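Below is one structure, written out as structure tokens, with a few remarks after it.
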Amino acid sequence: MKLSTKKKIYQGIAFNLFRLMSGILVVVLISILSFIVVRGIGVISWDFITKMPEDGMTKGGIYPAIIGTLCLVAGSMLFAFPVGVLSGIYIHEFVKDNWFKRFVKLMTNNLAGVPSIVFGLFGMSLFVNTLGFGDSIIAGSLTLGLLALPVIIRTTEESLKSIDNVFREGSYALGATKIQTIRRVVLPLAMPNIITGFILSIGRVSGETAPILFTVAAYFLPKLPSSIFDQVMALPYHLYVLSTSGTDMEASRNMAYGTALVLIIIVLLLNLIANFTRSYLSKKVKH
Amino acid sequence: MIEAKNLNLFYGTFQALNDISMKVPEKSVTALIGPSGCGKSTFLRTFNRMNDLIPGVKIEGEVIVDDMNVYEKGVDVDNLRKRVGMVFQKPNPFAKSIFENVAYGLRVNGVNDEKLIKQTVEESLKQAALWDEVKDNLKKSAYAISGGQQQRLCIARALAVEPTVLLMDEPASALDPISTSKIEELIHELKKKYTILIVTHNMQQAARVSDHTAFFYMGSLVEFDETKTIFTHPVKQQTQNYVTGRFG
């Protein structure tokens with residue numbers, strides 16, 4: 001066989017293998033989504049998303065769980081975003097490359113690998129009991145925030161690393177201080193990528209069940225929270241309740257799929273908003 | 001007046017500059033030439049202490065700017081960098097508008113007077129021979145103009161803080177021939193007001209734009225004289241070989 005034919009065949013096999021693998025990925029994703037849409041779309045209605053649960057959660061809506069999840073996402077991000085971005089800036093821009101920096105980075109990476117139920121236990125012990133917040137939005141948000149921190153810190157670091165040093169030098173060369181350089185030159189360039197990390201953590205936070213189990217989530221609480229020290233229902237936990245420990249699981253089966261669908265739609269919407277912000281910021285930077 | 005006295009510089013254990021003493025003439029252009037890795041850029045960057053940013057740098061000897069050793073303890077480095085402007089190899093405008101790029105140096109140095117800023121931006125852009133090309137688009141992003149224009153914008157940005165010395169690290173090496181000749185014309189204009197040090201790989205460029213030329217080789221200053229002399233009757237054989245293209 002001629003060498004060129006051999007090369008072509010080899011390339012053909014490789015391309016088709018890649019194609020097959022990405023195809024499998026898409027098929028799996030679409031099956032999951034369509035499964036949930038098909039089973040859940042029937043119960044979705046205006047009432048479903050605006051009404052309290054009724055009749056032992058077999059009827060009515062999931063309004064308090066939606067509000068609860070939104071509160072938790074907002075609360076955890078209010079905590080994790082500034083803390084994470086500032087730590088990332090500190091680690092990348094201010095700490096010299098020594099054992100301490102490597103240690104902090106190692107710890108951050110390990111933190112990202114800790115199972116979420118461990119965060120839940122830690123949050124219960126620290127926020128709920130020791131600090132006395134009780135089962136509350138603030139305890140749950142802080143726990144979820146801790147869970148999101150490593151991702152935000154890592155992406156902040158990576159985004160800062162990707163900014164070419166010529167920009168920093170250009171700023172220093174004009175007599176700017178380090179803080180001025182970071183705030184006015186480096187951060188605007190890094191922000192679109194930092195936002196990406198933010199998007200990823202929103203997705204993760206809104207779907208987590210274990211960390212909120214012992215810190216905030218209510219089994220059944222048909223009213224809206226009035227302060228950050230109140231308990232709330234939350235979509236992932238509500239989903240768990242409906243499918244494993246509801247009062248009448250057969251009756252609430254479709255409600256569970258509806259809840260899953262709403263959760264997915266919320267994550268999707270949040271991602272869309274964040275993506276829009278990112279592309280707006282990067283456009284502002286580039287044009 | 002700027003000057004280096006018995007300057008040694010080490011990157012860790014590697015000695016990048018070897019006992020360099022050199023007086024840079026005022027209000028003229030001095031070119032630094034030599035093969036890659038000879039230390040000319042490193043030398044250039046000692047005048048605004050840009051080497052400070054590299055970990056493991058050690059410096060001995062003196063670098064005098066405005067009658068003061070810039071490596072003395074307690075020197076205000078930010079203020080030094082305001083007085084000693086720098087233009088880099090690759091145009092590096094910030095992710096801001098053309099106007100804000102030039103205004104940047106003023107703003108970070110505490111100038112708030114918008115009228116003064118506007119006036120300085122205009123003057124700097126005129127000095128950098130860019131005003132006529134961008135005056136209607138000052139609000140546009142600096143990335144919307146060509147590479148050659150970006151480099152002139154970076155020059156304007158450096159001029160806006162009113163330095164006395166201008167360091168240029170191969171300012172035209174990333175540009176096309178037309179943009180290059182514009183930068184060279186500009187350098188010719190600017191030397192009336194500023195002391196200019198320029199690193200270049202391009203021998204013709206050194207011959208065209210500079211009044212004095214310093215030839216560096218392996219971290220040492222081999223020869224420093226009027227450009228005419230360096231290119232026609234250099235004293236050292238090494239210089240002769242380099243400027244005639246026999247090595248390097």
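Just remember, in the structure tokens the first chain shown is A, the second B, etc., residues are 1-based per chain, and ligands are 1-based in the order shown.
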> Quick one: residues within 10 Å of Val262 in chain A, only C-alpha atoms counted, chain neighbours fewer than 6 positions away excluded, as a list in words?
Replying inline: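 Everything that qualifies: Ile36, Val37, Gly40, Ile41, Ile44, Phe48, Ile49, Ile62, Ile66, Leu235, Ala256 and Leu268 of chain A.
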Skipping near chain neighbours, those fewer than 6 positions away, what residues fall within 10 Å of Thr180 in chain B using only C-alpha atoms, listed as a PDB file with N, CA, C and O atoms, in the first residue's frame?
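Dumped to selection.pdb:
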```
ATOM      1  N   GLY B 148       1.123  49.656  13.624  1.00  0.00           N
ATOM      2  CA  GLY B 148       2.015  50.808  13.605  1.00  0.00           C
ATOM      3  C   GLY B 148       1.426  51.975  14.374  1.00  0.00           C
ATOM      4  O   GLY B 148       2.128  52.669  15.125  1.00  0.00           O
ATOM      5  N   GLN B 151       1.688  51.350  18.059  1.00  0.00           N
ATOM      6  CA  GLN B 151       3.001  51.631  18.618  1.00  0.00           C
ATOM      7  C   GLN B 151       3.191  53.137  18.827  1.00  0.00           C
ATOM      8  O   GLN B 151       3.752  53.555  19.829  1.00  0.00           O
ATOM      9  N   PRO B 171      11.515  49.048  19.111  1.00  0.00           N
ATOM     10  CA  PRO B 171      10.136  49.542  18.953  1.00  0.00           C
ATOM     11  C   PRO B 171       9.539  49.265  17.581  1.00  0.00           C
ATOM     12  O   PRO B 171       8.329  49.347  17.422  1.00  0.00           O
ATOM     13  N   ALA B 172      10.358  48.933  16.597  1.00  0.00           N
ATOM     14  CA  ALA B 172       9.801  48.753  15.250  1.00  0.00           C
ATOM     15  C   ALA B 172       9.924  47.323  14.751  1.00  0.00           C
ATOM     16  O   ALA B 172       9.573  47.034  13.616  1.00  0.00           O
ATOM     17  N   SER B 173      10.400  46.428  15.611  1.00  0.00           N
ATOM     18  CA  SER B 173      10.696  45.084  15.096  1.00  0.00           C
ATOM     19  C   SER B 173       9.441  44.297  14.752  1.00  0.00           C
ATOM     20  O   SER B 173       9.491  43.329  14.013  1.00  0.00           O
ATOM     21  N   ALA B 174       8.286  44.706  15.300  1.00  0.00           N
ATOM     22  CA  ALA B 174       7.063  43.975  14.983  1.00  0.00           C
ATOM     23  C   ALA B 174       6.238  44.705  13.925  1.00  0.00           C
ATOM     24  O   ALA B 174       5.081  44.393  13.719  1.00  0.00           O
ATOM     25  N   LEU B 186       9.704  59.805  13.650  1.00  0.00           N
ATOM     26  CA  LEU B 186       9.236  60.297  14.936  1.00  0.00           C
ATOM     27  C   LEU B 186      10.398  60.398  15.923  1.00  0.00           C
ATOM     28  O   LEU B 186      10.539  61.397  16.632  1.00  0.00           O
ATOM     29  N   GLN B 205      18.831  50.518  10.811  1.00  0.00           N
ATOM     30  CA  GLN B 205      18.051  51.413  11.654  1.00  0.00           C
ATOM     31  C   GLN B 205      18.955  52.174  12.620  1.00  0.00           C
ATOM     32  O   GLN B 205      18.823  53.379  12.784  1.00  0.00           O
TER      33      GLN B 205
END
```
With a cut-off of 8 Å, could you pull out the residues of chain A touching chain B and give me the nearest pair of atoms for each, distance in Å to one decimal, using only C-alpha atoms, ordered by chain and ascending number, as a tab-separated table?
```
residue	atom	partner	partner_atom	distance
A:Val166	CA	B:Asn92	CA	6.3
A:Phe167	CA	B:Asn92	CA	6.0
A:Glu169	CA	B:Met50	CA	7.6
A:Gly170	CA	B:Asn92	CA	6.7
A:Ser171	CA	B:Gly105	CA	7.9
A:Tyr172	CA	B:Arg81	CA	7.3
A:Ala173	CA	B:Arg81	CA	5.4
A:Leu174	CA	B:Gly105	CA	5.3
A:Gly175	CA	B:Asp78	CA	4.2
A:Ala176	CA	B:Val108	CA	5.5
A:Thr177	CA	B:Asp78	CA	6.6
A:Gln180	CA	B:Val108	CA	6.8
A:Val185	CA	B:Phe94	CA	6.4
A:Pro188	CA	B:Ala95	CA	7.4
A:Leu189	CA	B:Ala95	CA	6.8
A:Val285	CA	B:Ala95	CA	5.1
A:Lys286	CA	B:Tyr143	CA	6.4
A:His287	CA	B:Ser141	CA	5.1
```
Could you save the residues just selected, with N, CA, C and O atoms, as an mmCIF file, in the first residue's frame?
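Listed below is the output, part28.cif:
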```
data_model
loop_
_atom_site.group_PDB
_atom_site.id
_atom_site.type_symbol
_atom_site.label_atom_id
_atom_site.label_comp_id
_atom_site.auth_asym_id
_atom_site.auth_seq_id
_atom_site.Cartn_x
_atom_site.Cartn_y
_atom_site.Cartn_z
ATOM 1 N N VAL A 166 3.334 41.850 29.095
ATOM 2 C CA VAL A 166 3.626 43.145 28.464
ATOM 3 C C VAL A 166 2.639 44.221 28.934
ATOM 4 O O VAL A 166 2.984 45.399 28.981
ATOM 5 N N PHE A 167 1.418 43.799 29.302
ATOM 6 C CA PHE A 167 0.446 44.785 29.761
ATOM 7 C C PHE A 167 0.807 45.294 31.156
ATOM 8 O O PHE A 167 0.694 46.476 31.446
ATOM 9 N N GLU A 169 3.860 45.311 32.397
ATOM 10 C CA GLU A 169 5.058 46.133 32.243
ATOM 11 C C GLU A 169 4.708 47.510 31.699
ATOM 12 O O GLU A 169 5.236 48.523 32.153
ATOM 13 N N GLY A 170 3.805 47.537 30.708
ATOM 14 C CA GLY A 170 3.406 48.808 30.123
ATOM 15 C C GLY A 170 2.840 49.747 31.164
ATOM 16 O O GLY A 170 3.089 50.954 31.141
ATOM 17 N N SER A 171 2.092 49.181 32.106
ATOM 18 C CA SER A 171 1.489 50.002 33.144
ATOM 19 C C SER A 171 2.535 50.462 34.168
ATOM 20 O O SER A 171 2.592 51.632 34.529
ATOM 21 N N TYR A 172 3.390 49.528 34.591
ATOM 22 C CA TYR A 172 4.449 49.915 35.532
ATOM 23 C C TYR A 172 5.335 50.999 34.929
ATOM 24 O O TYR A 172 5.788 51.905 35.611
ATOM 25 N N ALA A 173 5.595 50.870 33.614
ATOM 26 C CA ALA A 173 6.508 51.797 32.951
ATOM 27 C C ALA A 173 5.968 53.224 32.966
ATOM 28 O O ALA A 173 6.702 54.172 32.702
ATOM 29 N N LEU A 174 4.681 53.395 33.258
ATOM 30 C CA LEU A 174 4.106 54.737 33.325
ATOM 31 C C LEU A 174 4.019 55.242 34.755
ATOM 32 O O LEU A 174 3.423 56.274 35.032
ATOM 33 N N GLY A 175 4.607 54.481 35.663
ATOM 34 C CA GLY A 175 4.612 54.916 37.052
ATOM 35 C C GLY A 175 3.414 54.436 37.848
ATOM 36 O O GLY A 175 3.167 54.932 38.942
ATOM 37 N N ALA A 176 2.667 53.468 37.301
ATOM 38 C CA ALA A 176 1.512 52.950 38.033
ATOM 39 C C ALA A 176 1.986 51.991 39.127
ATOM 40 O O ALA A 176 2.998 51.318 38.972
ATOM 41 N N THR A 177 1.240 51.955 40.223
ATOM 42 C CA THR A 177 1.573 51.005 41.277
ATOM 43 C C THR A 177 0.978 49.642 40.923
ATOM 44 O O THR A 177 0.241 49.503 39.952
ATOM 45 N N GLN A 180 -2.857 49.669 41.136
ATOM 46 C CA GLN A 180 -3.437 50.376 39.977
ATOM 47 C C GLN A 180 -3.358 49.503 38.737
ATOM 48 O O GLN A 180 -4.296 49.425 37.953
ATOM 49 N N VAL A 185 -5.700 47.621 34.548
ATOM 50 C CA VAL A 185 -5.215 47.004 33.314
ATOM 51 C C VAL A 185 -5.459 45.501 33.281
ATOM 52 O O VAL A 185 -6.008 44.960 32.325
ATOM 53 N N PRO A 188 -9.643 44.122 33.938
ATOM 54 C CA PRO A 188 -10.565 44.215 32.803
ATOM 55 C C PRO A 188 -10.288 43.159 31.737
ATOM 56 O O PRO A 188 -11.211 42.629 31.126
ATOM 57 N N LEU A 189 -9.002 42.825 31.543
ATOM 58 C CA LEU A 189 -8.658 41.803 30.559
ATOM 59 C C LEU A 189 -9.035 40.407 31.053
ATOM 60 O O LEU A 189 -9.415 39.542 30.273
ATOM 61 N N VAL A 285 -13.803 44.992 25.951
ATOM 62 C CA VAL A 285 -12.343 44.975 26.038
ATOM 63 C C VAL A 285 -11.718 45.035 24.655
ATOM 64 O O VAL A 285 -10.722 45.699 24.431
ATOM 65 N N LYS A 286 -12.361 44.345 23.683
ATOM 66 C CA LYS A 286 -11.676 44.175 22.404
ATOM 67 C C LYS A 286 -12.008 45.214 21.353
ATOM 68 O O LYS A 286 -11.233 45.412 20.430
ATOM 69 N N HIS A 287 -13.177 45.868 21.458
ATOM 70 C CA HIS A 287 -13.501 46.790 20.368
ATOM 71 C C HIS A 287 -13.568 48.242 20.804
ATOM 72 O O HIS A 287 -13.670 48.514 21.961
#
```
> Leu126 in chain A: which residues within 12 Å, counting only C-alpha atoms, same-chain residues fewer than 4 positions away excluded, as a PyMOL selection string?
Replying inline: chain A and resi 119-122+130-135+138-140+142-143+146+214-215
> Of the candidates A:Ala217, A:Ile199, A:Ile24, A:Leu242, which one gets nearest to Met124 in chain A if we count only C-alpha atoms?
Replying inline: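 Under the stated criterion, the closest residue is A:Ala217.
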> Got a sec to tell me which of range 40-233 of chain B DSSP assigns to alpha helix (DSSP H), as an NGL selection string?
Replying inline: :B and (40-44 or 77-83 or 98-108 or 114-127 or 131-134 or 147-160 or 177-190 or 203-209 or 227-232)
Find the residues around Ile89 in chain A up to 7 Å (only C-alpha atoms counted), leave out those fewer than 3 positions away in its own chain, and share them as a JSON list (two decimals) with C-alpha atoms, in the first residue's frame.
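The result, written out as result33.json:
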```json
[["chain", "number", "residue", "atom", "x", "y", "z"],
["A", 85, "VAL", "CA", -11.64, 36.55, 43.17],
["A", 86, "LEU", "CA", -9.70, 38.46, 45.82],
["A", 92, "HIS", "CA", -1.34, 34.97, 41.70],
["A", 93, "GLU", "CA", -0.18, 38.56, 41.91],
["A", 156, "THR", "CA", -9.26, 33.65, 38.71],
["A", 157, "GLU", "CA", -5.66, 32.46, 38.96]]
```
> Residues at most 10 Å from range 63-74 of chain B, counting only C-alpha atoms, excluding those fewer than 2 positions away in the same chain, as a list in words?
Replying inline: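 Counting only the stated atoms, we get Met1, Ile2, Glu3, Ala4, Lys5, Asn6, Leu7, Ile20, Ser21, Met22, Lys23, Phe43, Thr46, Phe47, Asn48, Arg49, Ile59, Glu60, Gly61, Asp76, Val77, Leu80, Arg83, Val84, Thr164 and Val165 of chain B.
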